[in-house]
Amino acid sequence: MPQTCAQCKSARVSPNRQPSLRPATLSTIAALMTDAPRKPPRQRRRRRRPGSSKKPAQPSAAQVIAQRAPVALDKPADVPLTDEEAARMRVHLAFLQRHRKLLNLKVNANEDLLLNGKRQPTHRGSCMHLLKKVSRSRVASVIPRMQPEERAAFLRGIVRFTTEFEFVLMYLEAVKDVASEKEAIAALVEALEQVDYQEVSGAQMRRLLELIAELFDDAQRPHLLLGLLSSRSFREALKRSEAALPDALLGIMNAVSAVQTAIHAQRAQPPTADLRRGLELLLATDERTLTAYPKRTRGRLLRAALEAGVQTGPALTGVAVLAKGLPPDHKDRESITLRLAGLKMSIGDETEAVALLERLVAPRKERADRPRKERADRSRQDRADRPRQTKESKPADDSPERRTAELWLRALRGRRIGGVGLTERRARRTPGFATGLHIRSQKPVWIRTGTPDMAERFESAAAAYNAVAAPSVAELIASGKTDDDQPFVVIPEFSHTANRGLPGDRSPAQVTAEGVRILWTVARFGWTLPRAELFRFAFDGHGRLWLTDILDAETCTVAEAEAQMLEPARSFVGAVYERAARTAVPASLEPSITAATNMAELLAALTIDRLR
């Protein structure tokens with residue numbers, strides 16, 4: 001176990017600590033959580049009046065632990081004690097003389113002279129040999145017979161000169177019974193910072209964990225454990241005694257361990273349930289506790305929270321605190337603010353989401369609000385003062401995050417239908433649909449509404465969307481009726497409908513084969529469409545064809561559906577060629593299409609044509 005001295009407290013820092021949690025964090029956060037300073041301020045000494053019986057104030061338990069072992073043990077035994085060490089040694093010798101019989105000390109003549117004060121403590125080796133004669137088993141046997149106050153005072157005197165952690169544990173347990181909660185917590189934190197857990201036995205570790213569980217409440221434990229888990233020796237000691245974890249720590253240890261791994265990992269960690277719970281436990285605290293963490297740790301906690309997608313309101317408040325602490329020139333400030341606004345929207349906190357989004361679009365709005373002449377003059381001046389911009393160096397006002405923020409604001413302030421905020425009155429590339437944003441998931445969507453007399457048709461369409469579980473049929477996100485009885489369906493947003501043209505890399509032969517395969521799949525689920533116009537299909541951003549509009553779909557047997565879907569499939573093939581090539585179906589393909597008697601033959605003809 002590393003030894004320390006009063007002149008060199010920095011030796012208490014374990015070499016196993018990772019750099020992102022500095023050693024002072026443990027005590028700093030504990031002090032904030034208890035409204036108590038890490039070390040009591042030094043009080044001005046008052047001159048005692050003659051005859052006054054008032055005893056001097058005793059040092060706090062944290063000070064006792066911090067100042068223990070005042071004699072430097074790393075020096076040779078024949079090096080004389082310094083004046084300061086000798087003065088403190090006289091205090092320890094007086095304590096041993098006072099409790100000589102209780103401790104059952106066996107001393108030689110030289111040591112007897114030291115205890116009686118007839119010889120000054122100068123030889124380092126002799127003094128240390130005497131101090132080591134205090135038996136752990138003897139102390140453990142006598143303290144149960146003492147009163148709580150007497151036991152704490154007795155152990156305080158021993159802890160001042162010993163380096164054995166067992167005595168520190170005894171003292172902590174005694175302090176817990178007689179001192180205030182704040183003083184007991186401060187003493188425990190001071191001890192935790194000094195421990196070399198490689199030297200701690202399993203029984204001692206269990207007692208230490210029990211003290212942590214008893215003194216720290218549910219809100220404090222996660223922060224304390226996060227600091228402790230940054231020490232490799234603590235993690236190894238924890239594994240040795242994991243089976244004896246107190247119930248109060250058992251539930252949160254895995255969660256905090258997942259956070260500790262995430263903030264030290266070089267890559268993003270999978271958003272497991274333990275990681276989310278650990279982040280929610282740590283972030284659901286007051287602002288000053290979070291800001292007490294080092295800058296690097298705050299940044300990694302923020303990153304982990306955004307990647308894991310924490311969902312609870314108190315945790316998101318903590319995320320907002322961490323985001324607010326980012327420097328103005330932080331490279332990811334805009335993307336972090338946008339993701340935080342999305343998390344706020346996902347839990348329904350739209351007021352805070354709007355505030356965050358407005359903060360993002362403010363520079364663009366300020367520029368748009370300037371008078372036209374002022375903007376023109378400023379633009380000319382900017383062009384004269386700065387080099388020509390390239391596509392790679394776009395103005396900050398045109399960042400994707402700010403454009404997305406404007407879209408989200410439009411959705412939050414626009415008309416709502418089924419949890420969707422409309423962003424355009426009518427989609428420019430989507431006949432029959434309007435564009436919108438699903439507020440809770442922030443997914444761009446298409447929404448179609450109808451008149452009250454179309455309610456049955458929309459219900460049938462919603463049933464078809466849910467029944468046809470095919471990968472090329474659009475997913476139904478929401479359906480229902482508005483307050484004025486207008487039916488609606490909501491599906492994901494696509495690039496554009498097929499009636500507006502084919503992607504440049506898709507040939508009519510490829511698209512027709514893909515479309516017929518989709519229609520055949522719908523029939524195999526027992527559904528049929530009366531027509532298969534191009535506007536019922538759409539392309540995604542990768543050029544893949546999807547069936548998006550299944551209004552007027554009807555259910556029937558599979559055989560009936562396949563037979564009824566043949567003619568709509570033929571008309572779809574002709575429409576694709578006419579839209580893409582401005583011509584009819586090729587003469588080499590026309591006979592095969594006309595001769596097809598079922599969907600399988602039609603698809604075979606299209607596949608052969610595509611492979612030519």
# chains A, B, ... in the order shown; residues from 1 in each chain; ligands from 1
call {"tool": "residues_around", "arguments": {"residues": "Trp520 of chain A", "least_positions_apart": "3", "cutoff": "12 Å", "atoms": "only C-alpha atoms", "output": "PyMOL selection string"}}
result
chain A and resi 468+470+472-473+513-517+523-529+532+547+558-570+598-603
call {"tool": "residues_around", "arguments": {"residues": "Asn499 of chain A", "least_positions_apart": "4", "cutoff": "8 Å", "atoms": "only C-alpha atoms", "output": "short mmCIF file (atom, residue, chain, number, x, y, z; two decimals) with N, CA and C atoms, in the first residue's frame"}}
result
data_model
loop_
_atom_site.label_atom_id
_atom_site.label_comp_id
_atom_site.auth_asym_id
_atom_site.auth_seq_id
_atom_site.Cartn_x
_atom_site.Cartn_y
_atom_site.Cartn_z
N LEU A 534 -48.87 4.99 -62.00
CA LEU A 534 -47.50 5.27 -61.58
C LEU A 534 -47.43 6.07 -60.28
N PHE A 535 -48.45 6.91 -60.02
CA PHE A 535 -48.36 7.72 -58.81
C PHE A 535 -48.51 6.89 -57.54
N PHE A 537 -46.61 4.45 -56.92
CA PHE A 537 -45.26 3.99 -56.64
C PHE A 537 -44.33 5.18 -56.44
N ARG A 579 -43.69 6.55 -69.87
CA ARG A 579 -43.14 7.67 -69.09
C ARG A 579 -41.64 7.79 -69.26
#
call {"tool": "select_by_dssp", "arguments": {"residues": "segment 215-455 of chain A", "states": "strand (DSSP E)", "output": "MDAnalysis selection string"}}
result
chainID A and resid 416:417 420:422 434:438 443:449
call {"tool": "write_last_selection", "arguments": {"atoms": "C-alpha atoms", "output": "PDB file, in the first residue's frame"}}
result
ATOM      1  CA  ARG A 416     -50.947  18.859 -36.604  1.00  0.00           C
ATOM      2  CA  ILE A 417     -52.497  15.652 -37.882  1.00  0.00           C
ATOM      3  CA  VAL A 420     -47.420  14.883 -37.599  1.00  0.00           C
ATOM      4  CA  GLY A 421     -46.574  18.532 -38.116  1.00  0.00           C
ATOM      5  CA  LEU A 422     -47.175  19.623 -41.710  1.00  0.00           C
ATOM      6  CA  ALA A 434     -48.535  16.443 -48.099  1.00  0.00           C
ATOM      7  CA  THR A 435     -45.110  16.446 -46.467  1.00  0.00           C
ATOM      8  CA  GLY A 436     -44.699  16.549 -42.730  1.00  0.00           C
ATOM      9  CA  LEU A 437     -42.560  15.578 -39.769  1.00  0.00           C
ATOM     10  CA  HIS A 438     -43.460  12.914 -37.235  1.00  0.00           C
ATOM     11  CA  LYS A 443     -38.935  11.261 -39.313  1.00  0.00           C
ATOM     12  CA  PRO A 444     -39.941  13.063 -42.536  1.00  0.00           C
ATOM     13  CA  VAL A 445     -43.264  11.603 -43.659  1.00  0.00           C
ATOM     14  CA  TRP A 446     -45.960  11.802 -46.279  1.00  0.00           C
ATOM     15  CA  ILE A 447     -49.530  12.240 -45.065  1.00  0.00           C
ATOM     16  CA  ARG A 448     -52.713  11.810 -47.071  1.00  0.00           C
ATOM     17  CA  THR A 449     -56.095  13.053 -45.940  1.00  0.00           C
TER      18      THR A 449
END
call {"tool": "residues_around", "arguments": {"residues": "segment 247-252 of chain A", "least_positions_apart": "6", "cutoff": "10 Å", "atoms": "only C-alpha atoms", "output": "VMD selection string"}}
result
chain A and resid 209 to 210 212 to 214 216 to 218 221 to 222 225 258 274 277 to 278 281
call {"tool": "atom_distance", "arguments": {"atom1": "atom CA of Ala140 of chain A", "atom2": "atom CA of His92 of chain A"}}
result
19.3 Å
call {"tool": "select_by_dssp", "arguments": {"residues": "segment 57-172 of chain A", "states": "helix (DSSP H, G or I)", "output": "JSON list (two decimals) with N, CA and C atoms, in the first residue's frame"}}
result
[["chain", "number", "residue", "atom", "x", "y", "z"],
["A", 61, "ALA", "N", -13.12, 14.38, 10.96],
["A", 61, "ALA", "CA", -12.69, 13.03, 10.61],
["A", 61, "ALA", "C", -11.94, 13.00, 9.29],
["A", 62, "ALA", "N", -12.35, 13.84, 8.35],
["A", 62, "ALA", "CA", -11.65, 13.88, 7.07],
["A", 62, "ALA", "C", -10.22, 14.39, 7.24],
["A", 63, "GLN", "N", -10.03, 15.38, 8.11],
["A", 63, "GLN", "CA", -8.68, 15.86, 8.37],
["A", 63, "GLN", "C", -7.82, 14.80, 9.04],
["A", 64, "VAL", "N", -8.40, 14.05, 9.94],
["A", 64, "VAL", "CA", -7.64, 13.00, 10.62],
["A", 64, "VAL", "C", -7.12, 11.99, 9.61],
["A", 65, "ILE", "N", -7.98, 11.58, 8.67],
["A", 65, "ILE", "CA", -7.57, 10.59, 7.67],
["A", 65, "ILE", "C", -6.57, 11.19, 6.69],
["A", 66, "ALA", "N", -6.78, 12.46, 6.34],
["A", 66, "ALA", "CA", -5.87, 13.09, 5.39],
["A", 66, "ALA", "C", -4.48, 13.28, 5.96],
["A", 83, "ASP", "N", 11.89, 18.37, 12.76],
["A", 83, "ASP", "CA", 11.27, 19.01, 13.93],
["A", 83, "ASP", "C", 9.76, 18.83, 13.90],
["A", 84, "GLU", "N", 9.15, 18.96, 12.72],
["A", 84, "GLU", "CA", 7.69, 18.80, 12.61],
["A", 84, "GLU", "C", 7.29, 17.36, 12.90],
["A", 85, "GLU", "N", 8.06, 16.40, 12.35],
["A", 85, "GLU", "CA", 7.75, 15.00, 12.60],
["A", 85, "GLU", "C", 7.93, 14.65, 14.07],
["A", 86, "ALA", "N", 8.94, 15.21, 14.70],
["A", 86, "ALA", "CA", 9.17, 14.93, 16.12],
["A", 86, "ALA", "C", 8.03, 15.48, 16.98],
["A", 87, "ALA", "N", 7.53, 16.68, 16.62],
["A", 87, "ALA", "CA", 6.43, 17.27, 17.38],
["A", 87, "ALA", "C", 5.19, 16.39, 17.28],
["A", 88, "ARG", "N", 4.89, 15.89, 16.09],
["A", 88, "ARG", "CA", 3.72, 15.03, 15.93],
["A", 88, "ARG", "C", 3.95, 13.67, 16.59],
["A", 89, "MET", "N", 5.20, 13.24, 16.58],
["A", 89, "MET", "CA", 5.50, 11.96, 17.22],
["A", 89, "MET", "C", 5.27, 12.03, 18.72],
["A", 90, "ARG", "N", 5.53, 13.15, 19.34],
["A", 90, "ARG", "CA", 5.29, 13.30, 20.77],
["A", 90, "ARG", "C", 3.80, 13.19, 21.08],
["A", 91, "VAL", "N", 2.95, 13.68, 20.18],
["A", 91, "VAL", "CA", 1.50, 13.53, 20.37],
["A", 91, "VAL", "C", 1.12, 12.06, 20.33],
["A", 92, "HIS", "N", 1.66, 11.32, 19.36],
["A", 92, "HIS", "CA", 1.34, 9.90, 19.25],
["A", 92, "HIS", "C", 1.85, 9.11, 20.45],
["A", 93, "LEU", "N", 3.05, 9.47, 20.93],
["A", 93, "LEU", "CA", 3.61, 8.76, 22.08],
["A", 93, "LEU", "C", 2.77, 9.02, 23.33],
["A", 94, "ALA", "N", 2.27, 10.24, 23.48],
["A", 94, "ALA", "CA", 1.40, 10.56, 24.62],
["A", 94, "ALA", "C", 0.12, 9.73, 24.56],
["A", 95, "PHE", "N", -0.41, 9.54, 23.34],
["A", 95, "PHE", "CA", -1.60, 8.72, 23.18],
["A", 95, "PHE", "C", -1.31, 7.27, 23.57],
["A", 96, "LEU", "N", -0.19, 6.74, 23.12],
["A", 96, "LEU", "CA", 0.16, 5.36, 23.47],
["A", 96, "LEU", "C", 0.38, 5.19, 24.96],
["A", 97, "GLN", "N", 1.00, 6.18, 25.62],
["A", 97, "GLN", "CA", 1.22, 6.11, 27.06],
["A", 97, "GLN", "C", -0.12, 6.12, 27.80],
["A", 98, "ARG", "N", -1.05, 6.91, 27.31],
["A", 98, "ARG", "CA", -2.36, 7.02, 27.96],
["A", 98, "ARG", "C", -3.15, 5.72, 27.85],
["A", 100, "ARG", "N", -1.74, 2.66, 27.25],
["A", 100, "ARG", "CA", -0.71, 1.61, 27.24],
["A", 100, "ARG", "C", -1.27, 0.26, 27.71],
["A", 101, "LYS", "N", -2.00, 0.27, 28.79],
["A", 101, "LYS", "CA", -2.53, -0.98, 29.31],
["A", 101, "LYS", "C", -3.65, -1.52, 28.43],
["A", 102, "LEU", "N", -4.47, -0.59, 27.92],
["A", 102, "LEU", "CA", -5.58, -1.03, 27.07],
["A", 102, "LEU", "C", -5.06, -1.71, 25.80],
["A", 103, "LEU", "N", -3.96, -1.18, 25.24],
["A", 103, "LEU", "CA", -3.37, -1.75, 24.03],
["A", 103, "LEU", "C", -2.44, -2.92, 24.32],
["A", 109, "ALA", "N", 13.28, -1.06, 27.20],
["A", 109, "ALA", "CA", 13.69, 0.08, 28.03],
["A", 109, "ALA", "C", 13.73, 1.38, 27.24],
["A", 110, "ASN", "N", 14.26, 1.33, 26.05],
["A", 110, "ASN", "CA", 14.35, 2.53, 25.22],
["A", 110, "ASN", "C", 12.97, 3.05, 24.87],
["A", 111, "GLU", "N", 12.07, 2.12, 24.52],
["A", 111, "GLU", "CA", 10.72, 2.53, 24.15],
["A", 111, "GLU", "C", 9.95, 3.04, 25.37],
["A", 112, "ASP", "N", 10.25, 2.47, 26.55],
["A", 112, "ASP", "CA", 9.61, 2.96, 27.76],
["A", 112, "ASP", "C", 9.98, 4.40, 28.04],
["A", 113, "LEU", "N", 11.26, 4.75, 27.78],
["A", 113, "LEU", "CA", 11.70, 6.13, 27.96],
["A", 113, "LEU", "C", 10.99, 7.06, 26.98],
["A", 114, "LEU", "N", 10.77, 6.58, 25.77],
["A", 114, "LEU", "CA", 10.05, 7.40, 24.78],
["A", 114, "LEU", "C", 8.62, 7.64, 25.22],
["A", 115, "LEU", "N", 7.96, 6.60, 25.73],
["A", 115, "LEU", "CA", 6.57, 6.75, 26.14],
["A", 115, "LEU", "C", 6.43, 7.68, 27.34],
["A", 116, "ASN", "N", 7.38, 7.63, 28.25],
["A", 116, "ASN", "CA", 7.32, 8.48, 29.45],
["A", 116, "ASN", "C", 7.80, 9.90, 29.21],
["A", 124, "ARG", "N", 14.27, 7.67, 13.76],
["A", 124, "ARG", "CA", 13.10, 7.29, 12.97],
["A", 124, "ARG", "C", 12.75, 5.81, 13.12],
["A", 125, "GLY", "N", 13.75, 4.95, 13.06],
["A", 125, "GLY", "CA", 13.50, 3.52, 13.14],
["A", 125, "GLY", "C", 12.89, 3.10, 14.46],
["A", 126, "SER", "N", 13.40, 3.65, 15.58],
["A", 126, "SER", "CA", 12.87, 3.29, 16.90],
["A", 126, "SER", "C", 11.42, 3.72, 17.04],
["A", 127, "CYS", "N", 11.12, 4.92, 16.56],
["A", 127, "CYS", "CA", 9.74, 5.43, 16.68],
["A", 127, "CYS", "C", 8.78, 4.58, 15.84],
["A", 128, "MET", "N", 9.18, 4.23, 14.64],
["A", 128, "MET", "CA", 8.29, 3.44, 13.78],
["A", 128, "MET", "C", 8.10, 2.03, 14.34],
["A", 129, "HIS", "N", 9.12, 1.47, 14.91],
["A", 129, "HIS", "CA", 9.01, 0.13, 15.51],
["A", 129, "HIS", "C", 8.01, 0.13, 16.67],
["A", 130, "LEU", "N", 8.01, 1.21, 17.43],
["A", 130, "LEU", "CA", 7.09, 1.32, 18.55],
["A", 130, "LEU", "C", 5.65, 1.47, 18.06],
["A", 131, "LEU", "N", 5.44, 2.28, 17.06],
["A", 131, "LEU", "CA", 4.09, 2.48, 16.54],
["A", 131, "LEU", "C", 3.50, 1.19, 15.96],
["A", 136, "ARG", "N", -3.70, -5.07, 15.67],
["A", 136, "ARG", "CA", -5.03, -4.95, 15.10],
["A", 136, "ARG", "C", -6.05, -5.81, 15.86],
["A", 137, "SER", "N", -5.66, -7.01, 16.20],
["A", 137, "SER", "CA", -6.58, -7.89, 16.92],
["A", 137, "SER", "C", -6.90, -7.35, 18.31],
["A", 138, "ARG", "N", -5.90, -6.73, 18.96],
["A", 138, "ARG", "CA", -6.15, -6.16, 20.29],
["A", 138, "ARG", "C", -7.13, -5.00, 20.20],
["A", 139, "VAL", "N", -6.95, -4.13, 19.23],
["A", 139, "VAL", "CA", -7.86, -3.00, 19.06],
["A", 139, "VAL", "C", -9.27, -3.49, 18.77],
["A", 140, "ALA", "N", -9.39, -4.51, 17.88],
["A", 140, "ALA", "CA", -10.71, -5.03, 17.52],
["A", 140, "ALA", "C", -11.41, -5.65, 18.73],
["A", 141, "SER", "N", -10.64, -6.15, 19.68],
["A", 141, "SER", "CA", -11.25, -6.80, 20.85],
["A", 141, "SER", "C", -11.69, -5.81, 21.92],
["A", 142, "VAL", "N", -11.07, -4.62, 21.98],
["A", 142, "VAL", "CA", -11.39, -3.68, 23.06],
["A", 142, "VAL", "C", -12.44, -2.65, 22.66],
["A", 143, "ILE", "N", -12.54, -2.31, 21.38],
["A", 143, "ILE", "CA", -13.46, -1.23, 21.00],
["A", 143, "ILE", "C", -14.94, -1.59, 21.19],
["A", 144, "PRO", "N", -15.35, -2.86, 21.10],
["A", 144, "PRO", "CA", -16.78, -3.12, 21.33],
["A", 144, "PRO", "C", -17.25, -2.77, 22.73],
["A", 145, "ARG", "N", -16.33, -2.72, 23.71],
["A", 145, "ARG", "CA", -16.71, -2.42, 25.08],
["A", 145, "ARG", "C", -16.79, -0.92, 25.35],
["A", 148, "PRO", "N", -19.84, 4.87, 22.07],
["A", 148, "PRO", "CA", -19.58, 5.35, 20.71],
["A", 148, "PRO", "C", -18.61, 6.53, 20.64],
["A", 149, "GLU", "N", -18.81, 7.54, 21.50],
["A", 149, "GLU", "CA", -17.93, 8.71, 21.46],
["A", 149, "GLU", "C", -16.51, 8.31, 21.85],
["A", 150, "GLU", "N", -16.38, 7.49, 22.88],
["A", 150, "GLU", "CA", -15.07, 7.04, 23.33],
["A", 150, "GLU", "C", -14.38, 6.21, 22.25],
["A", 151, "ARG", "N", -15.16, 5.36, 21.56],
["A", 151, "ARG", "CA", -14.60, 4.51, 20.52],
["A", 151, "ARG", "C", -14.07, 5.35, 19.36],
["A", 152, "ALA", "N", -14.83, 6.37, 18.95],
["A", 152, "ALA", "CA", -14.38, 7.23, 17.85],
["A", 152, "ALA", "C", -13.11, 7.98, 18.23],
["A", 153, "ALA", "N", -13.06, 8.51, 19.46],
["A", 153, "ALA", "CA", -11.86, 9.24, 19.89],
["A", 153, "ALA", "C", -10.65, 8.33, 19.97],
["A", 154, "PHE", "N", -10.85, 7.11, 20.46],
["A", 154, "PHE", "CA", -9.75, 6.15, 20.57],
["A", 154, "PHE", "C", -9.20, 5.79, 19.20],
["A", 155, "LEU", "N", -10.08, 5.48, 18.27],
["A", 155, "LEU", "CA", -9.63, 5.12, 16.92],
["A", 155, "LEU", "C", -9.04, 6.31, 16.17],
["A", 156, "ARG", "N", -9.51, 7.51, 16.51],
["A", 156, "ARG", "CA", -8.94, 8.71, 15.89],
["A", 156, "ARG", "C", -7.46, 8.81, 16.23],
["A", 157, "GLY", "N", -7.12, 8.54, 17.47],
["A", 157, "GLY", "CA", -5.71, 8.59, 17.87],
["A", 157, "GLY", "C", -4.87, 7.55, 17.16],
["A", 158, "ILE", "N", -5.43, 6.37, 16.89],
["A", 158, "ILE", "CA", -4.67, 5.32, 16.21],
["A", 158, "ILE", "C", -4.51, 5.64, 14.72],
["A", 159, "VAL", "N", -5.59, 6.11, 14.09],
["A", 159, "VAL", "CA", -5.56, 6.38, 12.65],
["A", 159, "VAL", "C", -4.53, 7.46, 12.32],
["A", 165, "PHE", "N", -5.20, -0.09, 6.46],
["A", 165, "PHE", "CA", -6.55, 0.28, 6.06],
["A", 165, "PHE", "C", -7.60, -0.29, 7.02],
["A", 166, "GLU", "N", -7.28, -1.39, 7.70],
["A", 166, "GLU", "CA", -8.23, -1.98, 8.64],
["A", 166, "GLU", "C", -8.59, -0.99, 9.75],
["A", 167, "PHE", "N", -7.59, -0.25, 10.23],
["A", 167, "PHE", "CA", -7.86, 0.75, 11.26],
["A", 167, "PHE", "C", -8.71, 1.89, 10.71],
["A", 168, "VAL", "N", -8.48, 2.25, 9.45],
["A", 168, "VAL", "CA", -9.30, 3.31, 8.82],
["A", 168, "VAL", "C", -10.75, 2.85, 8.74],
["A", 169, "LEU", "N", -10.97, 1.59, 8.38],
["A", 169, "LEU", "CA", -12.34, 1.08, 8.31],
["A", 169, "LEU", "C", -13.01, 1.12, 9.68],
["A", 170, "MET", "N", -12.28, 0.72, 10.72],
["A", 170, "MET", "CA", -12.84, 0.78, 12.07],
["A", 170, "MET", "C", -13.21, 2.22, 12.42],
["A", 171, "TYR", "N", -12.35, 3.16, 12.07],
["A", 171, "TYR", "CA", -12.61, 4.56, 12.40],
["A", 171, "TYR", "C", -13.82, 5.08, 11.63],
["A", 172, "LEU", "N", -13.94, 4.73, 10.34],
["A", 172, "LEU", "CA", -15.08, 5.16, 9.54],
["A", 172, "LEU", "C", -16.39, 4.64, 10.12]]
call {"tool": "atom_distance", "arguments": {"atom1": "atom CA of Gly318 of chain A", "atom2": "atom CA of Ala284 of chain A"}}
result
5.9 Å
call {"tool": "residues_around", "arguments": {"residues": "segment 299-311 of chain A", "least_positions_apart": "4", "cutoff": "9 Å", "atoms": "only C-alpha atoms", "output": "PyMOL selection string"}}
result
chain A and resi 259+262-264+268-272+275-277+279-280+283+294-295+315-316+318-320+322-323+326+336+339-340+343-344+346-347
call {"tool": "residues_around", "arguments": {"residues": "Gly342 of chain A", "least_positions_apart": "3", "cutoff": "10 Å", "atoms": "only C-alpha atoms", "output": "list in words"}}
result
Leu306, Gly309, Ile336, Thr337, Leu338, Arg339, Met345, Ser346, Ile347, Gly348, Asp349, Glu350, Ala353, Leu356, Leu357, Ala405, Trp408, Ile439, Arg440, Ser441 and Gln442 of chain A
call {"tool": "closest_residue", "arguments": {"among": "A:Leu208, A:Leu192, A:Ala478, A:Met146", "to": "Glu173 of chain A", "atoms": "only C-alpha atoms"}}
result
A:Leu208
call {"tool": "closest_residue", "arguments": {"among": "A:Glu183, A:Glu459, A:Glu578, A:Glu193", "to": "Ala498 of chain A", "atoms": "only C-alpha atoms"}}
result
A:Glu578
call {"tool": "decode", "arguments": {"residues": "segment 151-164 of chain A", "atoms": "N, CA, C and O atoms", "output": "PDB file, in the first residue's frame"}}
result
ATOM      1  N   ARG A 151     -15.164   5.358  21.565  1.00  0.00           N
ATOM      2  CA  ARG A 151     -14.596   4.511  20.519  1.00  0.00           C
ATOM      3  C   ARG A 151     -14.074   5.353  19.361  1.00  0.00           C
ATOM      4  O   ARG A 151     -12.977   5.113  18.843  1.00  0.00           O
ATOM      5  N   ALA A 152     -14.826   6.369  18.953  1.00  0.00           N
ATOM      6  CA  ALA A 152     -14.379   7.226  17.850  1.00  0.00           C
ATOM      7  C   ALA A 152     -13.113   7.980  18.226  1.00  0.00           C
ATOM      8  O   ALA A 152     -12.187   8.101  17.417  1.00  0.00           O
ATOM      9  N   ALA A 153     -13.059   8.506  19.462  1.00  0.00           N
ATOM     10  CA  ALA A 153     -11.865   9.242  19.891  1.00  0.00           C
ATOM     11  C   ALA A 153     -10.650   8.326  19.967  1.00  0.00           C
ATOM     12  O   ALA A 153      -9.534   8.704  19.588  1.00  0.00           O
ATOM     13  N   PHE A 154     -10.845   7.105  20.462  1.00  0.00           N
ATOM     14  CA  PHE A 154      -9.750   6.148  20.574  1.00  0.00           C
ATOM     15  C   PHE A 154      -9.197   5.787  19.195  1.00  0.00           C
ATOM     16  O   PHE A 154      -7.980   5.792  18.961  1.00  0.00           O
ATOM     17  N   LEU A 155     -10.077   5.478  18.269  1.00  0.00           N
ATOM     18  CA  LEU A 155      -9.628   5.115  16.925  1.00  0.00           C
ATOM     19  C   LEU A 155      -9.044   6.307  16.173  1.00  0.00           C
ATOM     20  O   LEU A 155      -8.160   6.143  15.333  1.00  0.00           O
ATOM     21  N   ARG A 156      -9.510   7.514  16.511  1.00  0.00           N
ATOM     22  CA  ARG A 156      -8.938   8.706  15.893  1.00  0.00           C
ATOM     23  C   ARG A 156      -7.458   8.811  16.225  1.00  0.00           C
ATOM     24  O   ARG A 156      -6.627   9.135  15.367  1.00  0.00           O
ATOM     25  N   GLY A 157      -7.116   8.535  17.473  1.00  0.00           N
ATOM     26  CA  GLY A 157      -5.712   8.590  17.865  1.00  0.00           C
ATOM     27  C   GLY A 157      -4.870   7.554  17.159  1.00  0.00           C
ATOM     28  O   GLY A 157      -3.705   7.809  16.830  1.00  0.00           O
ATOM     29  N   ILE A 158      -5.428   6.371  16.892  1.00  0.00           N
ATOM     30  CA  ILE A 158      -4.673   5.322  16.207  1.00  0.00           C
ATOM     31  C   ILE A 158      -4.507   5.638  14.723  1.00  0.00           C
ATOM     32  O   ILE A 158      -3.433   5.468  14.139  1.00  0.00           O
ATOM     33  N   VAL A 159      -5.595   6.111  14.093  1.00  0.00           N
ATOM     34  CA  VAL A 159      -5.560   6.382  12.654  1.00  0.00           C
ATOM     35  C   VAL A 159      -4.530   7.456  12.322  1.00  0.00           C
ATOM     36  O   VAL A 159      -3.950   7.452  11.227  1.00  0.00           O
ATOM     37  N   ARG A 160      -4.238   8.348  13.262  1.00  0.00           N
ATOM     38  CA  ARG A 160      -3.293   9.420  12.993  1.00  0.00           C
ATOM     39  C   ARG A 160      -1.877   8.922  12.707  1.00  0.00           C
ATOM     40  O   ARG A 160      -1.102   9.613  12.051  1.00  0.00           O
ATOM     41  N   PHE A 161      -1.536   7.736  13.210  1.00  0.00           N
ATOM     42  CA  PHE A 161      -0.173   7.278  12.991  1.00  0.00           C
ATOM     43  C   PHE A 161      -0.074   5.937  12.261  1.00  0.00           C
ATOM     44  O   PHE A 161       1.031   5.430  12.070  1.00  0.00           O
ATOM     45  N   THR A 162      -1.176   5.354  11.852  1.00  0.00           N
ATOM     46  CA  THR A 162      -1.111   4.051  11.191  1.00  0.00           C
ATOM     47  C   THR A 162      -1.351   4.181   9.698  1.00  0.00           C
ATOM     48  O   THR A 162      -1.945   5.157   9.222  1.00  0.00           O
ATOM     49  N   THR A 163      -0.881   3.205   8.964  1.00  0.00           N
ATOM     50  CA  THR A 163      -1.134   3.156   7.520  1.00  0.00           C
ATOM     51  C   THR A 163      -2.001   1.966   7.140  1.00  0.00           C
ATOM     52  O   THR A 163      -2.292   1.774   5.966  1.00  0.00           O
ATOM     53  N   GLU A 164      -2.405   1.176   8.121  1.00  0.00           N
ATOM     54  CA  GLU A 164      -3.215  -0.005   7.828  1.00  0.00           C
ATOM     55  C   GLU A 164      -4.662   0.400   7.561  1.00  0.00           C
ATOM     56  O   GLU A 164      -5.282   1.112   8.345  1.00  0.00           O
TER      57      GLU A 164
END
